[in-house]
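Pasted below: data.txt, compact mmCIF, C-alpha atoms.
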```
# COMPACT_ATOMS: atom_id res chain seq x y z
CA MET I 909 -50.31 0.05 -22.30
CA GLN I 910 -48.71 0.55 -18.99
CA ALA I 911 -45.07 1.11 -18.35
CA THR I 912 -43.94 -0.06 -14.95
CA THR I 913 -40.72 1.23 -13.55
CA MET I 914 -39.12 -0.42 -10.57
CA ALA I 915 -37.65 2.22 -8.34
CA ILE I 916 -34.10 1.55 -7.18
CA GLU I 917 -34.02 1.68 -3.40
CA PRO I 918 -31.36 3.80 -1.70
CA THR I 919 -27.95 2.70 -0.51
CA LEU I 920 -26.98 3.75 3.00
CA ALA I 921 -23.39 3.50 4.24
CA ILE I 922 -22.54 3.30 7.94
CA LEU I 923 -19.18 4.82 8.90
CA SER I 924 -17.10 5.63 11.94
CA GLY I 925 -13.63 6.91 12.57
CA LYS I 926 -12.58 3.92 14.63
CA GLY I 927 -13.58 0.32 15.35
CA GLY I 928 -15.98 -0.67 18.13
CA THR I 929 -18.21 2.37 17.71
CA GLY I 930 -21.30 0.46 16.60
CA LYS I 931 -21.17 0.31 12.77
CA THR I 932 -22.06 -3.38 12.62
CA LEU I 933 -24.65 -3.07 15.42
CA LEU I 934 -26.39 -0.29 13.50
CA SER I 935 -25.94 -1.90 10.05
CA VAL I 936 -27.32 -5.36 10.88
CA ASN I 937 -30.25 -3.84 12.78
CA LEU I 938 -31.13 -1.37 10.01
CA ALA I 939 -31.03 -4.19 7.44
CA SER I 940 -33.18 -6.36 9.72
CA VAL I 941 -35.97 -3.82 10.29
CA ALA I 942 -36.38 -3.16 6.56
CA LYS I 943 -38.97 -5.18 4.66
CA GLU I 944 -36.17 -6.49 2.47
CA ALA I 945 -32.57 -5.41 2.34
CA THR I 946 -29.09 -6.28 1.19
CA TYR I 947 -26.35 -5.98 3.78
CA ILE I 948 -22.79 -5.61 2.48
CA ASP I 949 -19.94 -6.08 4.95
CA CYS I 950 -17.13 -4.00 3.47
CA ASP I 951 -14.89 -4.42 6.52
CA VAL I 952 -12.97 -7.10 4.64
CA GLU I 953 -10.05 -7.00 7.10
CA GLU I 954 -12.31 -8.05 9.97
CA PRO I 955 -15.77 -8.95 8.66
CA ASN I 956 -18.23 -9.72 11.46
CA GLY I 957 -21.72 -9.09 10.04
CA ASN I 958 -22.27 -12.77 9.34
CA LEU I 959 -21.69 -13.57 13.02
CA PHE I 960 -25.09 -11.91 13.47
CA PHE I 961 -26.88 -13.05 10.30
CA ASN I 962 -25.44 -16.56 10.23
CA PRO I 963 -26.80 -16.78 6.66
CA THR I 964 -27.45 -19.84 4.52
CA GLN I 965 -24.76 -19.55 1.90
CA GLU I 966 -26.03 -19.26 -1.67
CA PHE I 967 -22.92 -18.24 -3.54
CA GLY I 968 -19.20 -18.02 -2.93
CA LYS I 969 -16.08 -17.33 -4.95
CA LEU I 970 -12.44 -16.39 -4.72
CA VAL I 971 -11.58 -12.78 -5.45
CA THR I 972 -8.60 -12.50 -7.74
CA VAL I 973 -6.40 -9.77 -9.15
CA LYS I 974 -4.08 -9.95 -12.14
CA LYS I 975 -0.40 -10.45 -11.44
CA PRO I 976 2.50 -10.51 -13.86
CA VAL I 977 4.51 -13.69 -14.42
CA VAL I 978 7.78 -13.82 -16.28
CA ASP I 979 8.94 -16.30 -18.88
CA GLU I 980 12.63 -16.45 -17.95
CA ALA I 981 13.55 -17.86 -21.36
CA LEU I 982 12.29 -14.66 -23.02
CA CYS I 983 13.47 -12.04 -20.47
CA ASP I 984 16.76 -10.44 -21.50
CA GLY I 985 17.11 -8.30 -18.38
CA CYS I 986 16.52 -4.96 -20.12
CA HIS I 987 15.22 -3.30 -16.89
CA LYS I 988 12.30 -1.49 -18.60
CA CYS I 989 9.58 -3.10 -16.48
CA VAL I 990 11.49 -2.31 -13.27
CA ASP I 991 11.89 1.34 -14.30
CA PHE I 992 8.22 1.58 -15.26
CA CYS I 993 6.67 0.14 -12.09
CA ALA I 994 5.41 3.06 -9.96
CA PHE I 995 4.92 0.74 -6.98
CA ASN I 996 8.42 -0.81 -6.97
CA ALA I 997 6.98 -4.30 -7.25
CA LEU I 998 9.75 -5.54 -9.55
CA ALA I 999 13.48 -6.08 -9.08
CA LEU I 1000 16.07 -7.38 -11.49
CA ILE I 1001 19.28 -9.15 -10.52
CA GLY I 1002 21.26 -9.82 -13.66
CA LYS I 1003 18.65 -11.50 -15.84
CA ARG I 1004 16.56 -12.75 -12.94
CA LEU I 1005 13.31 -10.79 -12.53
CA MET I 1006 11.72 -10.82 -9.07
CA ILE I 1007 8.03 -9.98 -8.74
CA PHE I 1008 6.62 -8.88 -5.38
CA ASP I 1009 2.98 -9.93 -5.67
CA GLU I 1010 1.76 -8.17 -2.51
CA ILE I 1011 3.16 -4.84 -3.71
CA CYS I 1012 1.83 -5.15 -7.30
CA HIS I 1013 -1.26 -3.01 -7.98
CA SER I 1014 -2.24 -5.05 -11.08
CA CYS I 1015 -1.91 -2.10 -13.46
CA GLY I 1016 -0.52 -4.27 -16.27
CA GLY I 1017 2.08 -1.64 -17.20
CA CYS I 1018 5.07 -3.98 -17.00
CA ILE I 1019 3.44 -6.36 -19.49
CA HIS I 1020 2.77 -3.44 -21.82
CA VAL I 1021 6.34 -2.07 -21.77
CA CYS I 1022 8.20 -5.40 -22.10
CA PRO I 1023 9.88 -5.44 -25.55
CA GLN I 1024 10.47 -9.22 -25.35
CA LYS I 1025 6.84 -10.07 -24.46
CA ALA I 1026 8.30 -12.01 -21.55
CA LEU I 1027 5.57 -10.97 -19.12
CA SER I 1028 1.99 -12.18 -19.03
CA GLU I 1029 -0.94 -11.99 -16.62
CA GLN I 1030 -2.14 -14.63 -14.23
CA ASP I 1031 -4.94 -14.61 -11.66
CA ARG I 1032 -3.91 -14.38 -8.05
CA ALA I 1033 -6.41 -14.89 -5.21
CA VAL I 1034 -6.40 -12.05 -2.65
CA GLY I 1035 -9.49 -13.10 -0.69
CA GLU I 1036 -12.95 -14.54 -0.96
CA MET I 1037 -16.56 -13.41 -0.95
CA SER I 1038 -19.94 -15.01 -0.32
CA ILE I 1039 -23.63 -14.20 -0.59
CA GLY I 1040 -26.13 -15.70 1.81
CA ARG I 1041 -29.64 -15.24 3.15
CA SER I 1042 -30.93 -14.60 6.66
CA ASP I 1043 -34.72 -14.08 6.67
CA SER I 1044 -35.43 -10.85 4.78
CA VAL I 1045 -31.75 -9.95 4.48
CA ARG I 1046 -29.36 -10.88 1.70
CA SER I 1047 -25.89 -10.71 3.22
CA ILE I 1048 -22.81 -10.09 1.09
CA SER I 1049 -19.49 -10.53 2.84
CA GLY I 1050 -15.84 -10.75 1.87
CA SER I 1051 -12.54 -11.37 3.55
CA MET I 1052 -9.01 -10.52 2.62
CA ASN I 1053 -6.16 -13.04 2.75
CA ILE I 1054 -3.57 -12.49 5.47
CA GLY I 1055 -0.55 -10.56 4.21
CA GLU I 1056 -2.33 -8.67 1.44
CA SER I 1057 -1.77 -4.93 1.37
CA SER I 1058 -5.13 -3.78 0.01
CA GLY I 1059 -8.73 -4.90 0.44
CA VAL I 1060 -9.98 -2.60 -2.34
CA PRO I 1061 -10.30 -5.38 -5.00
CA ILE I 1062 -12.51 -7.37 -2.61
CA ILE I 1063 -14.73 -4.38 -1.83
CA GLU I 1064 -15.04 -3.70 -5.59
CA GLU I 1065 -16.22 -7.30 -6.06
CA LEU I 1066 -18.74 -7.06 -3.18
CA LEU I 1067 -20.27 -3.89 -4.62
CA LYS I 1068 -20.76 -5.58 -8.02
CA HIS I 1069 -23.38 -7.78 -6.34
CA LYS I 1070 -25.43 -4.90 -4.98
CA GLY I 1071 -29.05 -5.20 -6.10
CA GLU I 1072 -31.84 -2.67 -6.51
CA ASP I 1073 -33.30 -3.24 -3.04
CA LEU I 1074 -32.43 -1.17 0.02
CA THR I 1075 -28.70 -1.65 0.62
CA ILE I 1076 -26.89 -1.16 3.92
CA ILE I 1077 -23.11 -0.89 3.62
CA ASP I 1078 -21.11 -1.65 6.76
CA ALA I 1079 -17.92 0.31 6.04
CA PRO I 1080 -14.44 -0.42 7.41
CA PRO I 1081 -13.35 1.83 10.30
CA GLY I 1082 -11.41 5.02 9.69
CA SER I 1083 -11.15 7.25 6.64
CA SER I 1084 -8.72 5.32 4.43
CA CYS I 1085 -9.16 4.46 0.74
CA LEU I 1086 -10.99 1.28 1.81
CA VAL I 1087 -13.70 3.52 3.27
CA THR I 1088 -13.74 5.78 0.22
CA GLU I 1089 -14.26 2.72 -2.00
CA SER I 1090 -16.99 1.36 0.32
CA VAL I 1091 -19.09 4.53 0.21
CA ARG I 1092 -18.65 5.12 -3.54
CA LEU I 1093 -22.19 3.91 -4.34
CA ALA I 1094 -23.84 5.32 -1.21
CA ASP I 1095 -26.72 7.76 -1.56
CA PHE I 1096 -26.49 8.66 2.10
CA CYS I 1097 -23.95 8.17 4.89
CA ILE I 1098 -24.71 7.59 8.55
CA LEU I 1099 -21.82 8.41 10.88
CA ILE I 1100 -21.98 6.64 14.21
CA ALA I 1101 -20.12 8.06 17.21
CA GLU I 1102 -19.40 7.39 20.87
CA PRO I 1103 -19.97 10.01 23.61
CA THR I 1104 -16.28 10.64 24.37
CA THR I 1105 -13.63 13.15 23.36
CA PHE I 1106 -11.97 10.39 21.34
CA GLY I 1107 -15.38 9.61 19.78
CA ALA I 1108 -15.79 13.25 18.75
CA HIS I 1109 -12.29 13.27 17.24
CA ASN I 1110 -13.07 10.16 15.18
CA LEU I 1111 -16.40 11.63 14.13
CA ALA I 1112 -14.58 14.74 12.89
CA MET I 1113 -12.36 12.52 10.69
CA VAL I 1114 -15.25 10.77 8.91
CA HIS I 1115 -17.19 14.02 8.78
CA GLU I 1116 -14.29 15.52 6.84
CA LEU I 1117 -14.27 12.52 4.49
CA VAL I 1118 -18.00 12.57 3.64
CA SER I 1119 -17.84 16.35 3.21
CA LEU I 1120 -14.93 15.96 0.78
CA LEU I 1121 -16.82 13.27 -1.14
CA GLY I 1122 -19.91 15.46 -1.29
CA LYS I 1123 -22.13 12.76 0.27
CA PRO I 1124 -25.22 13.76 2.28
CA TYR I 1125 -24.96 12.49 5.85
CA ALA I 1126 -26.36 12.43 9.36
CA VAL I 1127 -25.15 11.18 12.73
CA VAL I 1128 -26.37 8.45 15.06
CA LEU I 1129 -25.08 8.77 18.61
CA ASN I 1130 -24.28 5.45 20.27
CA LYS I 1131 -23.82 4.49 23.94
CA VAL I 1132 -25.71 7.61 24.95
CA MET I 1133 -25.63 8.36 28.69
CA GLU I 1134 -26.64 11.29 30.83
CA GLY I 1135 -24.11 14.09 30.97
CA LYS I 1136 -21.60 15.55 28.58
CA ASN I 1137 -21.48 14.14 25.03
CA PRO I 1138 -18.57 15.59 23.02
CA ALA I 1139 -19.83 13.88 19.83
CA GLU I 1140 -23.21 15.57 20.21
CA GLU I 1141 -21.49 18.91 20.87
CA PHE I 1142 -19.53 18.45 17.63
CA CYS I 1143 -22.80 17.88 15.74
CA ILE I 1144 -24.46 20.96 17.23
CA LYS I 1145 -21.42 23.12 16.53
CA ASN I 1146 -21.27 21.96 12.89
CA ASN I 1147 -25.02 21.85 12.22
CA ILE I 1148 -25.00 18.10 11.61
CA PRO I 1149 -28.41 16.42 11.87
CA ILE I 1150 -28.70 13.71 14.54
CA ILE I 1151 -31.16 11.02 13.42
CA GLY I 1152 -30.87 8.61 16.32
CA ARG I 1153 -29.65 7.97 19.82
CA ILE I 1154 -28.85 4.43 20.86
CA PRO I 1155 -28.75 4.30 24.66
CA PHE I 1156 -25.91 2.88 26.73
CA ASP I 1157 -27.93 -0.23 27.52
CA LYS I 1158 -26.65 -3.40 29.17
CA LYS I 1159 -29.35 -5.57 27.57
CA LEU I 1160 -28.52 -4.30 24.08
CA GLY I 1161 -24.82 -4.88 24.71
CA SER I 1162 -25.47 -8.41 26.00
CA LEU I 1163 -27.58 -9.38 22.99
CA ASN I 1164 -25.00 -7.93 20.64
CA SER I 1165 -22.10 -9.66 22.40
CA VAL I 1166 -23.63 -13.11 21.78
CA GLY I 1167 -24.29 -12.40 18.10
CA LYS I 1168 -28.01 -11.67 18.45
CA ILE I 1169 -29.70 -8.99 16.34
CA ALA I 1170 -31.48 -6.87 18.97
CA SER I 1171 -34.27 -5.73 16.64
CA ARG I 1172 -35.16 -9.37 15.92
CA GLU I 1173 -35.31 -10.09 19.66
CA GLU I 1174 -37.30 -7.26 21.21
CA LYS I 1175 -39.99 -4.90 20.02
CA HIS I 1176 -38.55 -1.71 21.54
CA TYR I 1177 -35.22 -2.28 19.81
CA ARG I 1178 -37.06 -2.92 16.54
CA GLU I 1179 -38.84 0.42 17.01
CA LEU I 1180 -35.59 2.22 17.82
CA PHE I 1181 -33.84 1.02 14.65
CA ALA I 1182 -36.98 1.38 12.48
CA SER I 1183 -37.14 5.01 13.56
CA ILE I 1184 -33.49 5.59 12.59
CA LEU I 1185 -34.08 3.89 9.21
CA SER I 1186 -37.17 5.95 8.42
CA LYS I 1187 -35.38 9.19 9.36
CA ALA I 1188 -32.45 8.29 7.12
CA LEU I 1189 -34.74 7.37 4.22
CA ALA I 1190 -36.67 10.60 4.68
CA LYS I 1191 -33.39 12.46 4.22
CA VAL I 1192 -32.57 10.54 1.02
CA ASN I 1193 -36.02 11.20 -0.49
CA PRO I 1194 -37.17 14.43 1.14
CA MET B 1473 34.74 -4.29 -3.88
CA ILE B 1474 32.04 -1.68 -3.33
CA ILE B 1475 30.62 -0.95 0.11
CA ALA B 1476 27.27 0.86 0.29
CA ILE B 1477 26.15 2.71 3.42
CA PRO B 1478 22.83 4.58 3.80
CA SER B 1479 23.63 8.08 5.05
CA ASP B 1480 21.79 11.15 6.28
CA LYS B 1481 24.07 13.57 4.40
CA ASP B 1482 26.36 13.32 1.38
CA SER B 1483 29.58 13.46 3.39
CA LEU B 1484 31.86 10.93 5.10
CA ASP B 1485 31.28 12.50 8.54
CA SER B 1486 27.51 11.97 8.16
CA ALA B 1487 25.70 9.61 10.49
CA VAL B 1488 24.52 6.29 9.07
CA CYS B 1489 20.81 6.69 8.27
CA VAL B 1490 18.48 4.67 10.52
CA SER B 1491 16.42 3.66 7.48
CA PHE B 1492 17.85 1.50 4.72
CA GLY B 1493 15.22 2.07 2.00
CA ARG B 1494 14.41 5.70 2.74
CA ALA B 1495 17.90 7.04 3.39
CA PRO B 1496 18.49 10.30 1.49
CA PHE B 1497 21.92 9.11 0.24
CA TYR B 1498 24.13 6.08 -0.11
CA CYS B 1499 27.86 6.31 0.30
CA LEU B 1500 29.52 4.03 -2.27
CA TYR B 1501 33.06 3.26 -1.18
CA ASN B 1502 35.42 1.46 -3.53
CA THR B 1503 37.91 -0.56 -1.44
CA GLU B 1504 40.43 -0.83 -4.29
CA THR B 1505 40.63 2.86 -5.17
CA GLU B 1506 39.62 4.04 -1.65
CA GLN B 1507 37.36 6.57 -3.34
CA SER B 1508 33.89 7.37 -2.07
CA THR B 1509 30.96 8.80 -3.99
CA PHE B 1510 27.47 9.69 -2.78
CA LEU B 1511 24.39 8.59 -4.60
CA ALA B 1512 21.02 10.35 -4.08
CA ASN B 1513 18.40 7.71 -3.24
CA SER B 1514 15.62 7.90 -5.83
CA ALA B 1515 13.55 5.50 -3.68
CA ALA B 1516 13.50 7.77 -0.62
CA ASP B 1517 10.08 9.29 -1.26
CA SER B 1518 8.39 6.25 -2.83
CA PRO B 1519 4.87 5.74 -1.51
CA GLY B 1520 5.62 2.03 -1.16
CA GLY B 1521 8.25 -0.56 -2.03
CA ALA B 1522 11.09 1.81 -1.11
CA GLY B 1523 13.26 -1.05 0.18
CA ILE B 1524 12.94 -2.95 -3.11
CA LYS B 1525 13.76 0.09 -5.23
CA ALA B 1526 16.68 1.09 -2.99
CA ALA B 1527 18.07 -2.45 -3.11
CA GLN B 1528 17.73 -2.39 -6.90
CA LEU B 1529 19.69 0.87 -6.99
CA LEU B 1530 22.55 -0.75 -5.06
CA VAL B 1531 22.43 -3.89 -7.24
CA ASP B 1532 22.63 -1.68 -10.34
CA ASN B 1533 25.57 0.19 -8.82
CA LYS B 1534 27.42 -3.12 -8.28
CA ALA B 1535 27.54 -2.98 -4.49
CA ASN B 1536 29.07 -6.08 -2.82
CA ILE B 1537 28.56 -5.09 0.81
CA VAL B 1538 25.91 -3.07 2.63
CA ILE B 1539 26.58 -1.66 6.09
CA THR B 1540 23.25 -0.68 7.62
CA ILE B 1541 21.51 -0.25 10.96
CA ARG B 1542 18.53 -2.29 9.82
CA CYS B 1543 17.08 -3.83 6.69
CA GLY B 1544 13.52 -4.79 5.73
CA GLU B 1545 12.64 -8.23 4.42
CA ASN B 1546 11.73 -7.11 0.89
CA ALA B 1547 15.05 -5.30 0.51
CA ALA B 1548 16.85 -8.37 1.84
CA LYS B 1549 15.04 -10.53 -0.72
CA VAL B 1550 16.69 -8.45 -3.46
CA LEU B 1551 20.12 -8.01 -1.84
CA GLU B 1552 20.69 -11.65 -0.87
CA PRO B 1553 20.33 -13.28 -4.32
CA ALA B 1554 22.56 -10.52 -5.69
CA ASP B 1555 25.26 -11.84 -3.29
CA ILE B 1556 25.39 -8.60 -1.36
CA THR B 1557 26.57 -9.20 2.22
CA LEU B 1558 24.90 -7.28 5.02
CA PHE B 1559 26.79 -5.91 8.02
CA LYS B 1560 25.36 -4.22 11.10
CA ALA B 1561 26.42 -0.56 11.25
CA LEU B 1562 27.96 0.85 14.42
CA ASN B 1563 26.54 4.03 15.89
CA LEU B 1564 29.36 6.05 14.30
CA SER B 1565 29.94 8.11 11.15
CA VAL B 1566 30.04 6.66 7.63
CA ALA B 1567 33.85 7.03 7.58
CA ASP B 1568 34.22 5.26 10.94
CA ASN B 1569 32.05 2.38 9.71
CA ILE B 1570 34.23 2.00 6.61
CA ALA B 1571 37.29 1.93 8.89
CA ALA B 1572 35.63 -0.58 11.21
CA HIS B 1573 34.86 -2.84 8.24
CA LYS B 1574 38.46 -2.67 7.11
CA GLN B 1575 39.52 -3.85 10.59
CA ASP B 1576 36.95 -6.69 10.54
CA LYS B 1577 35.13 -5.15 13.48
CA LEU B 1578 31.59 -5.33 12.05
CA GLU B 1579 29.16 -8.13 12.79
CA PRO B 1580 26.92 -9.60 10.08
CA LEU B 1581 23.35 -8.20 10.16
CA LYS B 1582 21.40 -11.17 11.47
CA GLU B 1583 17.83 -9.94 11.56
CA VAL B 1584 15.70 -8.41 8.89
CA HIS B 1585 12.42 -6.80 9.95
CA ALA B 1586 8.99 -7.28 8.40
CA GLY B 1587 8.83 -3.60 7.51
CA TYR B 1588 6.96 -0.60 8.82
CA HIS B 1589 4.45 -0.53 5.99
CA ASN B 1590 1.30 1.40 6.66
CA GLY B 1591 -2.05 0.59 5.14
CA HIS B 1592 -3.69 2.26 2.19
```
Have the structure of the file written as structure tokens, please.
Amino acid sequence: MQATTMAIEPTLAILSGKGGTGKTLLSVNLASVAKEATYIDCDVEEPNGNLFFNPTQEFGKLVTVKKPVVDEALCDGCHKCVDFCAFNALALIGKRLMIFDEICHSCGGCIHVCPQKALSEQDRAVGEMSIGRSDSVRSISGSMNIGESSGVPIIEELLKHKGEDLTIIDAPPGSSCLVTESVRLADFCILIAEPTTFGAHNLAMVHELVSLLGKPYAVVLNKVMEGKNPAEEFCIKNNIPIIGRIPFDKKLGSLNSVGKIASREEKHYRELFASILSKALAKVNP
Amino acid sequence: MIIAIPSDKDSLDSAVCVSFGRAPFYCLYNTETEQSTFLANSAADSPGGAGIKAAQLLVDNKANIVITIRCGENAAKVLEPADITLFKALNLSVADNIAAHKQDKLEPLKEVHAGYHNGH
């Protein structure tokens, strides 16, 4: 009698304080150098991971949230739902109830407090998601509809499809609640930073976030050149481990700019990203 | 008829507040009795949807006219079906704007803005 237990592989999240720092570059390359991996593009406002993976789509669906709808024949204009709504998504003019879908947070409270049972729930699409395959990588991606105020429901949906294999999460830029939601399931965070004063400032923002969330983390320095590197200085000053240095390299930039995954193109890039991946994994399972 | 004006302070010599939804007060001026009262704006510190809640407050207080520097589109969506007419405020005090309205010197507010909402 033998009991076999499948180990759940770690989830790594890639973060940065601003866009254009190299999150997607690092994420798609880390996923590509692993034997098998799931890549999740949580930047639902501007997803671009699939420009690199160009996956064969296997699954797709609309992402919906619940929204209230009113039966005007039942509403007597009592005002209780308007008073209850903490997000000010409802307004009442006489007996005419107005519902602002984009402001609604789908809490269902208005339906609960309505004495006339005039409100009910309906699905409302806020975006879409898809799962596809590109060689050894399963790519999960989502996008938010224009005009929506929050991408959180889409990120929640993407994370539901996470498997037990190594997972690389490409987080949205910044340190907003979209980022907090994206790194919720992460075992380890990699912060990527540019060698500028602005880069160091943005690194400090995400550093503060992962510290607050109690997530273990390390830094990868991107666009590394000779000379002063304020992001590196920040790491040294704060005792933050640096697990990789991606050089400021015209060839790498050119490959990336035409949607090529550098580690699938050239051996030395594969070695660079494989080294970063193994250092990160060593930190997750010391 | 009731005229509502967003104001920085609860006095007639106050400036008109630059924000409609997040003004600290509204001056409610009754043209028949020529009395004015000031209403604290419960929407002022809302995390979101302040324009909607503020517009609701003025609908509930039976305003017919709003004199404001600007107005967001969500607030306008509530004010317009409630038959509240919007006028563009002059860069003067609340009292001077009431006087200007009485003399038909105010222009209708033609543009509503898409809002200054920040992300989450």
Residue list as a list of chain:residue names for point (13.7, -11.8, -1.0), cut-off 10 Å, only C-alpha atoms: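 Neighbouring residues, ordered by chain and number, come to I:Ala999, I:Met1006, I:Ile1007, I:Phe1008, B:Ile1524, B:Gly1544, B:Glu1545, B:Asn1546, B:Ala1547, B:Ala1548, B:Lys1549, B:Val1550, B:Leu1551, B:Glu1552, B:Pro1553.
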Got a sec: who's within 10 Å of segment 1115-1118 of chain I, counting only C-alpha atoms, leaving out chain neighbours fewer than 4 positions off, as a PDB file with C-alpha atoms, keeping the file's coordinate frame?
```pdb
ATOM      1  CA  LEU I 923     -19.180   4.820   8.900  1.00  0.00           C
ATOM      2  CA  SER I 924     -17.100   5.630  11.940  1.00  0.00           C
ATOM      3  CA  GLY I 925     -13.630   6.910  12.570  1.00  0.00           C
ATOM      4  CA  GLY I1082     -11.410   5.020   9.690  1.00  0.00           C
ATOM      5  CA  SER I1083     -11.150   7.250   6.640  1.00  0.00           C
ATOM      6  CA  SER I1084      -8.720   5.320   4.430  1.00  0.00           C
ATOM      7  CA  VAL I1087     -13.700   3.520   3.270  1.00  0.00           C
ATOM      8  CA  THR I1088     -13.740   5.780   0.220  1.00  0.00           C
ATOM      9  CA  VAL I1091     -19.090   4.530   0.210  1.00  0.00           C
ATOM     10  CA  PHE I1096     -26.490   8.660   2.100  1.00  0.00           C
ATOM     11  CA  CYS I1097     -23.950   8.170   4.890  1.00  0.00           C
ATOM     12  CA  ILE I1098     -24.710   7.590   8.550  1.00  0.00           C
ATOM     13  CA  LEU I1099     -21.820   8.410  10.880  1.00  0.00           C
ATOM     14  CA  HIS I1109     -12.290  13.270  17.240  1.00  0.00           C
ATOM     15  CA  ASN I1110     -13.070  10.160  15.180  1.00  0.00           C
ATOM     16  CA  LEU I1111     -16.400  11.630  14.130  1.00  0.00           C
ATOM     17  CA  GLY I1122     -19.910  15.460  -1.290  1.00  0.00           C
ATOM     18  CA  LYS I1123     -22.130  12.760   0.270  1.00  0.00           C
ATOM     19  CA  PRO I1124     -25.220  13.760   2.280  1.00  0.00           C
ATOM     20  CA  TYR I1125     -24.960  12.490   5.850  1.00  0.00           C
ATOM     21  CA  ALA I1126     -26.360  12.430   9.360  1.00  0.00           C
ATOM     22  CA  VAL I1127     -25.150  11.180  12.730  1.00  0.00           C
ATOM     23  CA  CYS I1143     -22.800  17.880  15.740  1.00  0.00           C
ATOM     24  CA  ASN I1146     -21.270  21.960  12.890  1.00  0.00           C
ATOM     25  CA  ILE I1148     -25.000  18.100  11.610  1.00  0.00           C
TER      26      ILE I1148
END
```
Coordinates-based distance that separates atom CA of Pro1519 of chain B from atom CA of Phe1106 of chain I (Å, one decimal):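 That distance, rounded to one decimal, is 28.8 Å.
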Selected residue, from I:Glu1102, I:Glu1173, I:Asp1073, I:Asp991, that lies nearest to chain B when counting all atoms listed in the file: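 That would be I:Asp991, the residue with the smallest distance to chain B.
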How close does chain I get to chain B? List, as a Markdown table, each residue of chain I within 8 Å, its nearest atom pair and the distance in Å to one decimal, counting only C-alpha atoms.
```
| residue | atom | partner | partner_atom | distance |
| --- | --- | --- | --- | --- |
| I:Phe995 | CA | B:Gly1520 | CA | 6.0 |
| I:Asn996 | CA | B:Gly1521 | CA | 4.9 |
| I:Ala997 | CA | B:Gly1521 | CA | 6.5 |
| I:Leu998 | CA | B:Ile1524 | CA | 7.6 |
| I:Ala999 | CA | B:Gln1528 | CA | 6.0 |
| I:Leu1000 | CA | B:Gln1528 | CA | 7.0 |
| I:Ile1001 | CA | B:Ala1554 | CA | 6.0 |
| I:Met1006 | CA | B:Val1550 | CA | 7.9 |
| I:Ile1011 | CA | B:Gly1521 | CA | 6.9 |
| I:Ser1057 | CA | B:Gly1591 | CA | 6.7 |
| I:Ser1058 | CA | B:His1592 | CA | 6.6 |
| I:Ser1084 | CA | B:His1592 | CA | 6.3 |
| I:Cys1085 | CA | B:His1592 | CA | 6.1 |
| I:Leu1086 | CA | B:His1592 | CA | 7.4 |
```
Length of the atom CA of Ala1033 of chain I to atom CA of Val971 of chain I vector [Å]: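 We find that atom CA of Ala1033 of chain I and atom CA of Val971 of chain I lie 5.6 Å from each other.
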Segment 1163-1181 of chain I, all listed atoms, 5 Å padding on each side: what axis-aligned box centre and edge lengths in Å to one decimal come out, as lines of an AutoDock Vina configuration file?
```
center_x = -31.0
center_y = -5.4
center_z = 18.8
size_x = 27.9
size_y = 25.3
size_z = 18.3
```
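Of note, atom CA of Glu1065 of chain I and atom CA of Val978 of chain I are spaced 26.9 Å apart.
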Excluding Ala1182 of chain I and residues on its chain fewer than 4 positions from it, collect all residues at most 10 Å away from it, counting only C-alpha atoms, and give them as a PDB file with C-alpha atoms, in the frame of the given file.
```
ATOM      1  CA  ASN I 937     -30.250  -3.840  12.780  1.00  0.00           C
ATOM      2  CA  LEU I 938     -31.130  -1.370  10.010  1.00  0.00           C
ATOM      3  CA  ALA I 939     -31.030  -4.190   7.440  1.00  0.00           C
ATOM      4  CA  SER I 940     -33.180  -6.360   9.720  1.00  0.00           C
ATOM      5  CA  VAL I 941     -35.970  -3.820  10.290  1.00  0.00           C
ATOM      6  CA  ALA I 942     -36.380  -3.160   6.560  1.00  0.00           C
ATOM      7  CA  SER I1171     -34.270  -5.730  16.640  1.00  0.00           C
ATOM      8  CA  HIS I1176     -38.550  -1.710  21.540  1.00  0.00           C
ATOM      9  CA  TYR I1177     -35.220  -2.280  19.810  1.00  0.00           C
ATOM     10  CA  ARG I1178     -37.060  -2.920  16.540  1.00  0.00           C
ATOM     11  CA  SER I1186     -37.170   5.950   8.420  1.00  0.00           C
ATOM     12  CA  LYS I1187     -35.380   9.190   9.360  1.00  0.00           C
ATOM     13  CA  ALA I1188     -32.450   8.290   7.120  1.00  0.00           C
TER      14      ALA I1188
END
```
Distance criterion (all atoms listed in the file): nearest to Ala1567 of chain B out of B:Asp1480, B:Asp1485, B:Phe1497, B:Pro1580: B:Asp1485
Pick from B:Arg1542, B:Lys1534, B:Lys1577, B:Lys1560 nearest to Ser1491 of chain B, counting only C-alpha atoms: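 Between B:Arg1542, B:Lys1534, B:Lys1577, B:Lys1560, the residue approaching Ser1491 of chain B most closely is B:Arg1542.
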Using all atoms listed in the file, what residues lie at most 8 Å away from (6.0, -11.1, -19.7) (file coordinates), given as a short mmCIF file (atom, residue, chain, number, x, y, z; two decimals) with C-alpha atoms, keeping the file's coordinate frame?
```cif
data_model
loop_
_atom_site.label_atom_id
_atom_site.label_comp_id
_atom_site.auth_asym_id
_atom_site.auth_seq_id
_atom_site.Cartn_x
_atom_site.Cartn_y
_atom_site.Cartn_z
CA PRO I 976 2.50 -10.51 -13.86
CA VAL I 977 4.51 -13.69 -14.42
CA VAL I 978 7.78 -13.82 -16.28
CA ASP I 979 8.94 -16.30 -18.88
CA LEU I 982 12.29 -14.66 -23.02
CA CYS I 983 13.47 -12.04 -20.47
CA CYS I 1018 5.07 -3.98 -17.00
CA ILE I 1019 3.44 -6.36 -19.49
CA CYS I 1022 8.20 -5.40 -22.10
CA GLN I 1024 10.47 -9.22 -25.35
CA LYS I 1025 6.84 -10.07 -24.46
CA ALA I 1026 8.30 -12.01 -21.55
CA LEU I 1027 5.57 -10.97 -19.12
CA SER I 1028 1.99 -12.18 -19.03
CA GLU I 1029 -0.94 -11.99 -16.62
#
```
